[in-house]
$ cat coords-v4.tsv   # TSV, C-alpha atoms and all ligand atoms
chain	number	residue	atom	x	y	z
A	1	MET	CA	145.78	146.82	117.10
A	2	SER	CA	142.08	147.49	116.94
A	3	ARG	CA	142.55	148.71	113.38
A	4	ILE	CA	144.18	145.43	112.38
A	5	ILE	CA	141.39	143.41	113.96
A	6	LEU	CA	138.78	145.53	112.16
A	7	ALA	CA	140.56	144.99	108.82
A	8	LEU	CA	140.71	141.26	109.44
A	9	PHE	CA	137.03	141.20	110.40
A	10	LEU	CA	136.05	143.14	107.27
A	11	SER	CA	137.99	140.91	104.92
A	12	VAL	CA	136.42	137.79	106.42
A	13	ALA	CA	132.94	139.35	106.21
A	14	LEU	CA	133.47	140.40	102.59
A	15	ALA	CA	134.75	136.98	101.62
A	16	GLY	CA	131.60	135.46	103.11
A	17	ALA	CA	129.19	137.92	101.50
A	18	GLN	CA	127.86	137.12	98.03
A	19	THR	CA	127.59	139.73	95.34
A	20	VAL	CA	124.02	139.45	94.11
A	21	ILE	CA	123.44	140.16	90.44
A	22	THR	CA	120.09	140.45	88.68
A	23	ILE	CA	118.76	137.53	86.69
A	24	ALA	CA	119.01	139.64	83.53
A	25	GLU	CA	122.72	140.11	84.30
A	26	ALA	CA	123.11	136.38	84.93
A	27	ARG	CA	121.51	135.63	81.52
A	28	GLU	CA	123.26	138.38	79.60
A	29	ASP	CA	124.27	137.36	76.08
A	30	SER	CA	126.13	140.26	74.51
A	31	THR	CA	126.95	138.25	71.37
A	32	GLY	CA	123.36	137.21	70.72
A	33	ASP	CA	124.18	133.55	70.06
A	34	GLY	CA	121.98	132.21	72.85
A	35	ILE	CA	125.00	131.35	75.02
A	36	PRO	CA	125.23	133.52	78.13
A	37	ASP	CA	128.38	135.57	78.67
A	38	ARG	CA	128.73	134.06	82.14
A	39	LEU	CA	128.55	130.43	80.99
A	40	GLY	CA	130.46	128.34	83.53
A	41	GLU	CA	130.68	131.15	86.10
A	42	ILE	CA	129.36	130.81	89.65
A	43	VAL	CA	126.90	133.65	90.35
A	44	THR	CA	124.41	134.59	93.06
A	45	ILE	CA	120.89	135.74	92.23
A	46	GLU	CA	117.62	136.34	94.08
A	47	GLY	CA	114.17	135.58	92.78
A	48	VAL	CA	110.70	134.19	93.39
A	49	ALA	CA	109.88	130.60	92.47
A	50	THR	CA	106.95	130.36	90.04
A	51	CYS	CA	106.36	126.67	90.77
A	52	GLU	CA	107.46	123.93	93.17
A	53	GLY	CA	111.17	123.13	93.24
A	54	THR	CA	110.98	119.79	91.45
A	55	LEU	CA	107.95	120.32	89.20
A	56	PHE	CA	109.85	120.19	85.90
A	57	SER	CA	112.36	117.51	86.90
A	58	SER	CA	112.14	114.32	84.88
A	59	SER	CA	114.71	112.38	86.90
A	60	THR	CA	114.16	109.74	89.61
A	61	PRO	CA	114.25	110.75	92.38
A	62	PRO	CA	113.22	114.24	91.24
A	63	GLY	CA	115.96	116.84	91.24
A	64	LEU	CA	115.83	120.60	91.04
A	65	GLY	CA	113.69	121.62	88.08
A	66	PHE	CA	111.90	124.93	88.46
A	67	TYR	CA	111.89	128.56	87.43
A	68	MET	CA	112.43	131.75	89.33
A	69	GLN	CA	112.28	135.37	88.35
A	70	ASP	CA	113.08	138.85	89.63
A	71	GLU	CA	112.02	142.23	88.26
A	72	THR	CA	114.41	141.86	85.32
A	73	ALA	CA	114.08	138.31	83.95
A	74	GLY	CA	113.48	134.64	84.69
A	75	ILE	CA	115.71	131.57	84.73
A	76	ASN	CA	115.58	127.79	84.97
A	77	VAL	CA	117.03	126.25	88.15
A	78	TYR	CA	118.49	122.82	87.51
A	79	GLY	CA	120.32	120.40	89.77
A	80	TYR	CA	120.49	116.96	91.31
A	81	ASP	CA	118.29	115.92	94.19
A	82	ASP	CA	121.18	116.20	96.67
A	83	ALA	CA	121.20	119.98	96.07
A	84	ILE	CA	117.58	120.48	97.17
A	85	PRO	CA	117.41	122.62	100.35
A	86	GLY	CA	113.99	121.30	101.43
A	87	ASP	CA	110.54	122.20	100.14
A	88	ILE	CA	110.58	124.97	97.57
A	89	ILE	CA	107.04	126.30	97.21
A	90	ALA	CA	105.65	128.46	94.41
A	91	GLY	CA	105.90	132.05	95.65
A	92	ASP	CA	109.00	131.48	97.81
A	93	GLU	CA	111.79	134.00	97.43
A	94	TRP	CA	115.30	132.54	97.51
A	95	GLN	CA	118.84	133.71	97.16
A	96	LEU	CA	120.87	131.08	95.41
A	97	THR	CA	124.35	130.55	94.11
A	98	GLY	CA	125.11	128.30	91.17
A	99	GLU	CA	126.83	127.81	87.87
A	100	ILE	CA	125.38	129.40	84.74
A	101	MET	CA	124.69	126.69	82.18
A	102	GLN	CA	122.89	126.37	78.88
A	103	TYR	CA	120.91	123.36	77.63
A	104	ASN	CA	119.39	123.38	74.16
A	105	GLY	CA	119.11	127.15	74.37
A	106	LEU	CA	117.60	127.18	77.85
A	107	VAL	CA	119.65	129.28	80.28
A	108	GLU	CA	120.04	127.56	83.65
A	109	ILE	CA	121.57	128.19	87.02
A	110	SER	CA	122.76	125.05	88.77
A	111	PRO	CA	123.31	125.00	92.53
A	112	SER	CA	125.31	122.00	93.76
A	113	ASP	CA	124.51	121.94	97.46
A	114	PRO	CA	121.58	122.86	99.76
A	115	SER	CA	123.84	125.48	101.37
A	116	ASP	CA	123.77	127.33	98.03
A	117	PHE	CA	120.19	128.35	98.94
A	118	THR	CA	119.07	131.04	101.39
A	119	TYR	CA	115.35	131.43	102.08
A	120	LEU	CA	114.27	135.08	101.92
A	121	GLY	CA	110.50	134.88	102.45
A	122	HIS	CA	107.24	134.19	100.68
A	123	PRO	CA	106.02	137.20	98.67
A	124	GLY	CA	103.83	134.98	96.46
A	125	VAL	CA	103.92	134.19	92.77
A	126	PRO	CA	104.21	137.36	90.68
A	127	ASP	CA	101.52	138.19	88.12
A	128	ALA	CA	102.05	136.45	84.82
A	129	LEU	CA	103.34	138.64	82.01
A	130	GLN	CA	100.44	138.97	79.57
A	131	LEU	CA	101.45	138.30	75.98
A	132	ALA	CA	99.80	140.54	73.40
A	133	LEU	CA	97.74	139.22	70.51
A	134	ASN	CA	100.18	137.78	67.91
A	135	GLN	CA	103.08	137.77	70.42
A	136	GLY	CA	105.11	134.60	70.92
A	137	VAL	CA	107.72	133.44	73.43
A	138	SER	CA	111.18	134.96	72.92
A	139	GLU	CA	114.62	135.09	74.56
A	140	SER	CA	113.98	138.14	76.74
A	141	ILE	CA	110.98	136.50	78.43
A	142	GLU	CA	112.42	132.96	78.62
A	143	GLY	CA	112.13	131.65	82.18
A	144	MET	CA	109.29	134.02	83.13
A	145	LEU	CA	105.69	133.21	84.01
A	146	LEU	CA	103.58	134.15	80.99
A	147	ALA	CA	99.87	134.41	80.21
A	148	LEU	CA	98.67	133.52	76.71
A	149	GLY	CA	95.10	134.62	76.24
A	150	SER	CA	93.07	136.09	79.07
A	151	SER	CA	89.52	135.61	80.26
A	152	SER	CA	89.37	139.21	81.48
A	153	LEU	CA	90.54	140.48	78.07
A	154	GLN	CA	88.25	137.96	76.30
A	155	GLN	CA	91.31	137.05	74.24
A	156	TRP	CA	91.89	133.35	73.70
A	157	VAL	CA	94.27	131.09	71.83
A	158	THR	CA	93.09	128.23	69.64
A	159	VAL	CA	94.63	124.76	69.65
A	160	ALA	CA	96.18	124.20	66.21
A	161	THR	CA	97.53	120.65	66.41
A	162	GLU	CA	96.68	117.40	68.17
A	163	PRO	CA	98.88	116.90	71.27
A	164	ALA	CA	101.63	114.39	70.43
A	165	PHE	CA	103.57	112.47	73.09
A	166	ALA	CA	107.34	112.68	72.72
A	167	GLY	CA	110.16	112.20	75.21
A	168	GLY	CA	108.32	112.57	78.51
A	169	GLY	CA	105.71	115.10	77.54
A	170	TYR	CA	103.13	116.35	75.08
A	171	ASN	CA	103.79	118.84	72.30
A	172	PHE	CA	101.14	120.87	70.52
A	173	GLU	CA	100.73	124.28	68.97
A	174	VAL	CA	98.24	127.05	69.54
A	175	TRP	CA	97.38	130.09	67.49
A	176	ASN	CA	97.77	133.40	69.31
A	177	GLY	CA	96.12	135.51	66.65
A	178	GLN	CA	98.29	134.80	63.60
A	179	THR	CA	101.32	133.55	65.56
A	180	ALA	CA	101.82	129.84	66.22
A	181	VAL	CA	103.12	129.16	69.74
A	182	ALA	CA	104.58	125.77	70.71
A	183	VAL	CA	103.34	124.29	73.99
A	184	ARG	CA	105.22	121.61	75.89
A	185	VAL	CA	103.37	119.80	78.69
A	186	ASN	CA	105.92	117.91	80.78
A	187	GLU	CA	104.73	114.56	82.08
A	188	SER	CA	106.14	115.53	85.49
A	189	THR	CA	103.40	118.17	85.85
A	190	GLN	CA	100.74	115.41	85.70
A	191	ILE	CA	98.54	117.68	83.59
A	192	ASN	CA	95.72	115.71	81.97
A	193	MET	CA	95.40	116.44	78.25
A	194	ALA	CA	91.74	115.42	77.97
A	195	GLY	CA	89.78	117.97	75.97
A	196	ILE	CA	92.84	119.50	74.29
A	197	ALA	CA	92.19	119.12	70.56
A	198	PRO	CA	92.40	121.27	67.43
A	199	GLY	CA	89.89	124.09	67.46
A	200	VAL	CA	89.53	124.21	71.24
A	201	ARG	CA	89.93	127.70	72.69
A	202	LEU	CA	92.16	128.18	75.72
A	203	PHE	CA	93.28	130.75	78.23
A	204	MET	CA	96.81	129.64	79.14
A	205	MET	CA	99.61	130.28	81.57
A	206	GLY	CA	103.06	128.79	81.71
A	207	ILE	CA	106.77	129.39	81.82
A	208	GLY	CA	108.60	130.64	78.75
A	209	GLY	CA	110.94	127.80	77.75
A	210	GLN	CA	113.25	126.86	74.92
A	211	TYR	CA	114.37	123.63	73.28
A	212	ASP	CA	116.63	124.30	70.31
A	213	SER	CA	119.05	121.45	69.60
A	214	GLU	CA	121.36	123.39	67.27
A	215	PRO	CA	123.19	126.71	67.48
A	216	PRO	CA	122.46	129.53	67.10
A	217	TYR	CA	119.94	129.08	69.88
A	218	ASP	CA	117.33	131.44	68.50
A	219	SER	CA	114.29	129.19	67.94
A	220	GLY	CA	112.36	126.41	69.64
A	221	TYR	CA	110.66	128.69	72.17
A	222	GLN	CA	107.83	127.05	74.10
A	223	LEU	CA	105.19	127.70	76.68
A	224	LEU	CA	105.48	125.28	79.62
A	225	PRO	CA	102.22	124.98	81.60
A	226	ARG	CA	102.71	124.15	85.28
A	227	TYR	CA	99.27	123.04	86.46
A	228	GLN	CA	95.94	121.84	85.11
A	229	THR	CA	94.56	125.31	85.80
A	230	ASP	CA	97.16	126.74	83.38
A	231	LEU	CA	95.10	125.15	80.57
A	232	GLU	CA	91.68	126.72	80.98
A	233	ILE	CA	89.29	125.64	78.24
A	234	TYR	CA	87.16	128.57	77.09
A	235	GLN	CA	83.58	127.55	76.46
A	236	PRO	CA	81.60	130.73	75.94
A	237	SER	CA	77.95	130.62	76.89
A	238	ILE	CA	75.35	131.17	74.18
A	239	SER	CA	74.58	134.59	75.61
A	240	ASP	CA	78.30	135.52	75.34
A	241	GLN	CA	78.36	134.54	71.68
A	242	PHE	CA	75.00	136.06	70.73
A	243	HIS	CA	75.59	139.65	69.67
A	244	LEU	CA	74.48	142.62	67.61
A	245	THR	CA	77.02	145.32	66.81
A	246	VAL	CA	76.22	148.63	65.15
A	247	LEU	CA	79.13	149.46	62.86
A	248	THR	CA	79.70	153.03	61.72
A	249	PRO	CA	78.21	155.35	60.73
A	250	ASN	CA	75.76	155.95	63.56
A	251	PRO	CA	74.03	158.42	63.39
A	252	PHE	CA	73.71	158.14	59.63
A	253	ALA	CA	72.12	160.40	57.02
A	254	PRO	CA	69.96	158.43	54.52
A	255	SER	CA	69.39	161.60	52.49
A	256	LEU	CA	73.13	161.57	51.74
A	257	GLY	CA	72.95	157.94	50.67
A	258	GLU	CA	74.49	156.68	53.92
A	259	THR	CA	73.61	153.27	55.27
A	260	VAL	CA	74.23	151.90	58.76
A	261	ASN	CA	75.97	148.54	59.02
A	262	LEU	CA	74.71	145.92	61.47
A	263	GLU	CA	76.89	142.92	62.33
A	264	TYR	CA	75.40	140.02	64.23
A	265	GLY	CA	76.14	136.44	65.18
A	266	GLY	CA	75.80	133.60	67.63
A	267	PRO	CA	76.44	129.89	68.04
A	268	ALA	CA	76.57	127.63	65.01
A	269	GLY	CA	73.12	126.73	63.71
A	270	MET	CA	71.33	129.77	65.13
A	271	ARG	CA	68.92	131.65	62.80
A	272	PHE	CA	68.45	135.41	63.09
A	273	THR	CA	65.67	137.91	62.57
A	274	ILE	CA	66.26	141.68	62.58
A	275	THR	CA	63.42	144.18	63.00
A	276	VAL	CA	63.58	147.98	63.35
A	277	PHE	CA	61.10	149.83	65.59
A	278	ASP	CA	60.40	153.53	65.91
A	279	ARG	CA	60.06	155.37	69.22
A	280	SER	CA	56.38	154.55	69.46
A	281	GLY	CA	57.12	150.82	69.23
A	282	ARG	CA	55.84	150.40	65.70
A	283	ASP	CA	57.86	147.95	63.57
A	284	VAL	CA	58.92	150.01	60.57
A	285	THR	CA	61.11	147.57	58.66
A	286	HIS	CA	62.21	143.94	58.63
A	287	LEU	CA	65.87	143.55	57.66
A	288	ALA	CA	66.38	139.81	58.10
A	289	ASP	CA	64.13	136.82	58.59
A	290	SER	CA	65.54	133.47	59.76
A	291	ARG	CA	68.97	134.11	58.26
A	292	PRO	CA	72.22	132.40	59.27
A	293	ALA	CA	75.09	134.36	60.84
A	294	GLY	CA	77.98	135.70	58.86
A	295	ASP	CA	76.36	138.67	57.13
A	296	VAL	CA	76.64	142.38	57.70
A	297	ILE	CA	73.20	143.88	57.13
A	298	GLN	CA	73.01	147.37	55.67
A	299	TRP	CA	70.03	149.57	56.47
A	300	ASP	CA	69.38	152.62	54.30
A	301	GLY	CA	66.95	154.29	56.70
A	302	THR	CA	63.80	153.39	54.74
A	303	ASP	CA	60.74	151.49	55.85
A	304	ASP	CA	59.27	148.36	54.28
A	305	ASP	CA	57.68	150.59	51.59
A	306	ASP	CA	61.07	152.16	50.71
A	307	GLN	CA	60.06	155.50	52.24
A	308	VAL	CA	62.84	157.37	54.10
A	309	LEU	CA	61.89	157.52	57.76
A	310	PRO	CA	61.85	160.71	59.86
A	311	ILE	CA	65.02	161.66	61.67
A	312	GLY	CA	65.32	160.33	65.19
A	313	PRO	CA	66.33	157.25	67.12
A	314	TYR	CA	65.28	153.73	66.09
A	315	ILE	CA	65.53	150.47	67.97
A	316	VAL	CA	67.09	147.50	66.19
A	317	LEU	CA	65.91	144.17	67.63
A	318	LEU	CA	67.99	141.06	66.97
A	319	GLU	CA	66.26	137.75	67.65
A	320	GLY	CA	68.15	134.47	67.52
A	321	PHE	CA	66.57	131.03	67.52
A	322	ASP	CA	68.68	128.00	68.36
A	323	GLY	CA	68.06	124.46	67.09
A	324	ASP	CA	65.54	123.84	69.88
A	325	GLY	CA	63.58	126.99	68.96
A	326	LYS	CA	64.78	128.79	72.07
A	327	ARG	CA	64.70	132.56	71.53
A	328	PHE	CA	67.47	135.05	72.43
A	329	THR	CA	67.10	138.81	71.98
A	330	THR	CA	69.18	141.95	72.16
A	331	THR	CA	68.68	145.54	70.97
A	332	GLU	CA	70.79	148.47	69.79
A	333	THR	CA	69.82	152.07	69.00
A	334	VAL	CA	70.59	153.69	65.67
A	335	VAL	CA	69.88	157.30	64.79
A	336	VAL	CA	68.60	158.57	61.46
A	337	ALA	CA	70.08	162.06	61.06
A	338	ALA	CA	69.74	164.99	58.72
A	339	PRO	CA	72.87	166.11	56.85
A	340	LEU	CA	74.80	168.96	58.42
A	341	ASN	CA	73.90	172.28	56.70
B	401	CA	CA	126.88	134.74	73.93
B	402	CA	CA	117.57	130.88	75.54

$ encode --input "coords-v4.tsv" --output "structure tokens"
Amino acid sequence: MSRIILALFLSVALAGAQTVITIAEAREDSTGDGIPDRLGEIVTIEGVATCEGTLFSSSTPPGLGFYMQDETAGINVYGYDDAIPGDIIAGDEWQLTGEIMQYNGLVEISPSDPSDFTYLGHPGVPDALQLALNQGVSESIEGMLLALGSSSLQQWVTVATEPAFAGGGYNFEVWNGQTAVAVRVNESTQINMAGIAPGVRLFMMGIGGQYDSEPPYDSGYQLLPRYQTDLEIYQPSISDQFHLTVLTPNPFAPSLGETVNLEYGGPAGMRFTITVFDRSGRDVTHLADSRPAGDVIQWDGTDDDDQVLPIGPYIVLLEGFDGDGKRFTTTETVVVAAPLN
């Protein structure tokens, strides 16, 4: 008898337990047409919310409209307001059960009832996936939190087009290196677009999204910022822009006809003067006087009288003068060398 009871208990427990699949499995598209294999199936996944539960909902009252991700992938969570289990906070981890759907190429999971959600904890929002220079949004990273540009990498994107309002949000494009990336700012995020204009440099974060109205669903990828802080305008200080770079070769051998290349620059309108000093502090040659940026200066290792200077280290002083006559300076060392042998 006890064996029968145990079997009954197990079958009830198994019927109640959900088989959790990864988000990558939930999204799987073995035919590559942008339509998930599991379209219309009810699945259970677990993941961390990367924004509040209604942030991307455009309905009234707001319904479910957010993104969650696990180690494998991300996905849009979509549903009516009567399916909301309570406050969903960015960084919450949830198990949820819902139907796999697809809307204009965007893969969605749609719970229908608050009981489809189980709260698992609050591990916090995962680090954004940093896109490389020239990388755009693509299917495998749709639904994930992405970073486009980075202040720590000093890699920015540049606004390419004026933001245009269309259908409950703003659309514009940015250049990530040589790749144009579409950005969609949903009105529901309440992000203010002031200051976003062509030529402005940004460090950005957002969700990888897609809006492609026609099959095959292989285009229309977008970055979807969540918050004002996801659109950080990069305004480098003058001292960050002012620079002198010694290009190769350094050391260089003037007696072999080598020249050292000096690249310099700064904010628009700045004028530059370049002077070379020897170790004793004597100015030996003047390579530029009140020139604009944009040139690479070549130095052949001679002084102002065209005499080749002795081997050894020399200090290159770059001075920049802005429109108000304010002076900025920086130095680099170059080495005049003898040829080997
Ligand atoms: Ca498919
Ligand atoms: Ca897609």

$ closest_atom_pairs --input "coords-v4.tsv" --of "chain A" --to "ligand CA 402 (chain B)" --cutoff "12 Å" --atoms "all atoms listed in the file" --output "Markdown table"
| residue | atom | partner | partner_atom | distance |
| --- | --- | --- | --- | --- |
| A:Ala24 | CA | B:CA402 | CA | 11.9 |
| A:Arg27 | CA | B:CA402 | CA | 8.6 |
| A:Glu28 | CA | B:CA402 | CA | 10.3 |
| A:Asp29 | CA | B:CA402 | CA | 9.3 |
| A:Gly32 | CA | B:CA402 | CA | 9.8 |
| A:Asp33 | CA | B:CA402 | CA | 9.0 |
| A:Gly34 | CA | B:CA402 | CA | 5.3 |
| A:Ile35 | CA | B:CA402 | CA | 7.5 |
| A:Pro36 | CA | B:CA402 | CA | 8.5 |
| A:Ala73 | CA | B:CA402 | CA | 11.8 |
| A:Gly74 | CA | B:CA402 | CA | 10.7 |
| A:Ile75 | CA | B:CA402 | CA | 9.4 |
| A:Asn76 | CA | B:CA402 | CA | 10.1 |
| A:Met101 | CA | B:CA402 | CA | 10.6 |
| A:Gln102 | CA | B:CA402 | CA | 7.7 |
| A:Tyr103 | CA | B:CA402 | CA | 8.5 |
| A:Asn104 | CA | B:CA402 | CA | 7.8 |
| A:Gly105 | CA | B:CA402 | CA | 4.2 |
| A:Leu106 | CA | B:CA402 | CA | 4.4 |
| A:Val107 | CA | B:CA402 | CA | 5.4 |
| A:Glu108 | CA | B:CA402 | CA | 9.1 |
| A:Val137 | CA | B:CA402 | CA | 10.4 |
| A:Ser138 | CA | B:CA402 | CA | 8.0 |
| A:Glu139 | CA | B:CA402 | CA | 5.2 |
| A:Ser140 | CA | B:CA402 | CA | 8.2 |
| A:Ile141 | CA | B:CA402 | CA | 9.1 |
| A:Glu142 | CA | B:CA402 | CA | 6.4 |
| A:Gly143 | CA | B:CA402 | CA | 8.6 |
| A:Met144 | CA | B:CA402 | CA | 11.7 |
| A:Gly208 | CA | B:CA402 | CA | 9.5 |
| A:Gly209 | CA | B:CA402 | CA | 7.6 |
| A:Gln210 | CA | B:CA402 | CA | 5.9 |
| A:Tyr211 | CA | B:CA402 | CA | 8.2 |
| A:Asp212 | CA | B:CA402 | CA | 8.5 |
| A:Ser213 | CA | B:CA402 | CA | 11.2 |
| A:Glu214 | CA | B:CA402 | CA | 11.8 |
| A:Pro215 | CA | B:CA402 | CA | 10.7 |
| A:Pro216 | CA | B:CA402 | CA | 9.8 |
| A:Tyr217 | CA | B:CA402 | CA | 6.4 |
| A:Asp218 | CA | B:CA402 | CA | 7.1 |
| A:Ser219 | CA | B:CA402 | CA | 8.4 |
| A:Gly220 | CA | B:CA402 | CA | 9.1 |
| A:Tyr221 | CA | B:CA402 | CA | 8.0 |
| A:Gln222 | CA | B:CA402 | CA | 10.6 |

$ residues_around --input "coords-v4.tsv" --residues "Thr331 (chain A)" --least-positions-apart "2" --cutoff "12 Å" --atoms "all atoms listed in the file" --output "ChimeraX atom specification"
/A:242-246,262,264,273-277,314-320,328-329,333-334

$ atom_distance --input "coords-v4.tsv" --atom1 "CA of Gly63 (chain A)" --atom2 "CA of Val77 (chain A)"
10.0 Å

$ atom_distance --input "coords-v4.tsv" --atom1 "CA of Ala160 (chain A)" --atom2 "CA of Pro267 (chain A)"
20.6 Å

$ residues_around --input "coords-v4.tsv" --residues "Pro339 (chain A)" --least-positions-apart "5" --cutoff "9 Å" --atoms "all atoms listed in the file" --output "PyMOL selection string"
chain A and resi 252-256

$ residues_around --input "coords-v4.tsv" --residues "region 55-60 of chain A" --least-positions-apart "5" --cutoff "8 Å" --atoms "only C-alpha atoms" --output "PyMOL selection string"
chain A and resi 65-66+168+186-189+226

$ atom_distance --input "coords-v4.tsv" --atom1 "CA of Glu46 (chain A)" --atom2 "CA of Ser30 (chain A)"
21.7 Å

$ closest_residue --input "coords-v4.tsv" --among "A:Met193, A:Met205, A:Val183, A:Ala164" --to "Gln130 (chain A)" --atoms "all atoms listed in the file"
A:Met205

$ closest_residue --input "coords-v4.tsv" --among "A:Leu224, A:Ala180, A:Ala83, A:Ala90" --to "Val125 (chain A)" --atoms "all atoms listed in the file"
A:Ala90

$ closest_residue --input "coords-v4.tsv" --among "A:Gly281, A:Thr31, A:Ile207, A:Pro62" --to "Thr50 (chain A)" --atoms "all atoms listed in the file"
A:Ile207

$ residues_around --input "coords-v4.tsv" --residues "region 321-325 of chain A" --least-positions-apart "4" --cutoff "10 Å" --atoms "only C-alpha atoms" --output "list in words"
Ile238, Gly266, Pro267, Ala268, Gly269, Met270, Arg271, Phe272, Thr273, Ser290 and Thr329 of chain A

$ closest_residue --input "coords-v4.tsv" --among "A:Pro126, A:Pro292, A:Ser237, A:Pro225" --to "Asn171 (chain A)" --atoms "all atoms listed in the file"
A:Pro225

$ residues_around --input "coords-v4.tsv" --residues "region 110-119 of chain A" --least-positions-apart "5" --cutoff "7 Å" --atoms "all atoms listed in the file" --output "mmCIF file with C-alpha atoms, in the coordinates of the input"
data_model
loop_
_atom_site.group_PDB
_atom_site.id
_atom_site.type_symbol
_atom_site.label_atom_id
_atom_site.label_comp_id
_atom_site.auth_asym_id
_atom_site.auth_seq_id
_atom_site.Cartn_x
_atom_site.Cartn_y
_atom_site.Cartn_z
ATOM 1 C CA VAL A 77 117.030 126.250 88.150
ATOM 2 C CA TYR A 78 118.490 122.820 87.510
ATOM 3 C CA GLY A 79 120.320 120.400 89.770
ATOM 4 C CA ASP A 82 121.180 116.200 96.670
ATOM 5 C CA ALA A 83 121.200 119.980 96.070
ATOM 6 C CA ILE A 84 117.580 120.480 97.170
ATOM 7 C CA PRO A 85 117.410 122.620 100.350
ATOM 8 C CA GLU A 93 111.790 134.000 97.430
ATOM 9 C CA TRP A 94 115.300 132.540 97.510
ATOM 10 C CA GLN A 95 118.840 133.710 97.160
ATOM 11 C CA LEU A 96 120.870 131.080 95.410
ATOM 12 C CA THR A 97 124.350 130.550 94.110
ATOM 13 C CA GLY A 98 125.110 128.300 91.170
ATOM 14 C CA GLU A 99 126.830 127.810 87.870
ATOM 15 C CA ILE A 100 125.380 129.400 84.740
#

$ closest_residue --input "coords-v4.tsv" --among "A:Met68, A:Glu25, A:Val308, A:Arg38" --to "ligand CA 401 (chain B)" --atoms "all atoms listed in the file"
A:Arg38

$ closest_residue --input "coords-v4.tsv" --among "A:Ile297, A:Val48, A:Ile21, A:Val157" --to "Asp127 (chain A)" --atoms "only C-alpha atoms"
A:Val48

$ decode --input "coords-v4.tsv" --residues "region 155-167 of chain A" --atoms "N, CA, C and O atoms" --output "mmCIF file, in the first residue's frame"
data_model
loop_
_atom_site.group_PDB
_atom_site.id
_atom_site.type_symbol
_atom_site.label_atom_id
_atom_site.label_comp_id
_atom_site.auth_asym_id
_atom_site.auth_seq_id
_atom_site.Cartn_x
_atom_site.Cartn_y
_atom_site.Cartn_z
ATOM 1 N N GLN A 155 35.120 54.853 -25.785
ATOM 2 C CA GLN A 155 34.592 54.484 -27.095
ATOM 3 C C GLN A 155 33.145 54.969 -27.119
ATOM 4 O O GLN A 155 32.341 54.568 -26.291
ATOM 5 N N TRP A 156 32.851 55.880 -28.031
ATOM 6 C CA TRP A 156 31.523 56.477 -28.037
ATOM 7 C C TRP A 156 30.829 56.177 -29.355
ATOM 8 O O TRP A 156 31.458 55.720 -30.303
ATOM 9 N N VAL A 157 29.515 56.438 -29.377
ATOM 10 C CA VAL A 157 28.782 56.419 -30.641
ATOM 11 C C VAL A 157 28.363 57.850 -30.944
ATOM 12 O O VAL A 157 28.299 58.687 -30.044
ATOM 13 N N THR A 158 28.106 58.120 -32.203
ATOM 14 C CA THR A 158 27.778 59.481 -32.632
ATOM 15 C C THR A 158 26.383 59.494 -33.233
ATOM 16 O O THR A 158 26.072 58.673 -34.107
ATOM 17 N N VAL A 159 25.550 60.408 -32.754
ATOM 18 C CA VAL A 159 24.184 60.514 -33.287
ATOM 19 C C VAL A 159 24.260 60.871 -34.768
ATOM 20 O O VAL A 159 24.945 61.822 -35.159
ATOM 21 N N ALA A 160 23.541 60.072 -35.599
ATOM 22 C CA ALA A 160 23.603 60.257 -37.048
ATOM 23 C C ALA A 160 22.397 61.009 -37.594
ATOM 24 O O ALA A 160 22.508 61.722 -38.592
ATOM 25 N N THR A 161 21.236 60.836 -36.963
ATOM 26 C CA THR A 161 20.016 61.459 -37.483
ATOM 27 C C THR A 161 19.237 62.137 -36.357
ATOM 28 O O THR A 161 19.317 61.735 -35.198
ATOM 29 N N GLU A 162 18.483 63.152 -36.742
ATOM 30 C CA GLU A 162 17.619 63.868 -35.795
ATOM 31 C C GLU A 162 16.552 62.911 -35.271
ATOM 32 O O GLU A 162 15.933 62.184 -36.049
ATOM 33 N N PRO A 163 16.301 62.858 -33.953
ATOM 34 C CA PRO A 163 15.223 62.003 -33.454
ATOM 35 C C PRO A 163 13.883 62.405 -34.068
ATOM 36 O O PRO A 163 13.558 63.586 -34.137
ATOM 37 N N ALA A 164 13.132 61.402 -34.543
ATOM 38 C CA ALA A 164 11.839 61.646 -35.181
ATOM 39 C C ALA A 164 10.765 60.891 -34.417
ATOM 40 O O ALA A 164 10.906 59.696 -34.161
ATOM 41 N N PHE A 165 9.683 61.599 -34.066
ATOM 42 C CA PHE A 165 8.607 60.961 -33.297
ATOM 43 C C PHE A 165 7.725 60.146 -34.232
ATOM 44 O O PHE A 165 7.303 60.621 -35.274
ATOM 45 N N ALA A 166 7.459 58.899 -33.844
ATOM 46 C CA ALA A 166 6.607 58.036 -34.658
ATOM 47 C C ALA A 166 6.010 56.956 -33.779
ATOM 48 O O ALA A 166 6.729 56.188 -33.146
ATOM 49 N N GLY A 167 4.684 56.908 -33.712
ATOM 50 C CA GLY A 167 3.996 55.795 -33.064
ATOM 51 C C GLY A 167 4.397 55.555 -31.624
ATOM 52 O O GLY A 167 4.717 54.429 -31.256
#
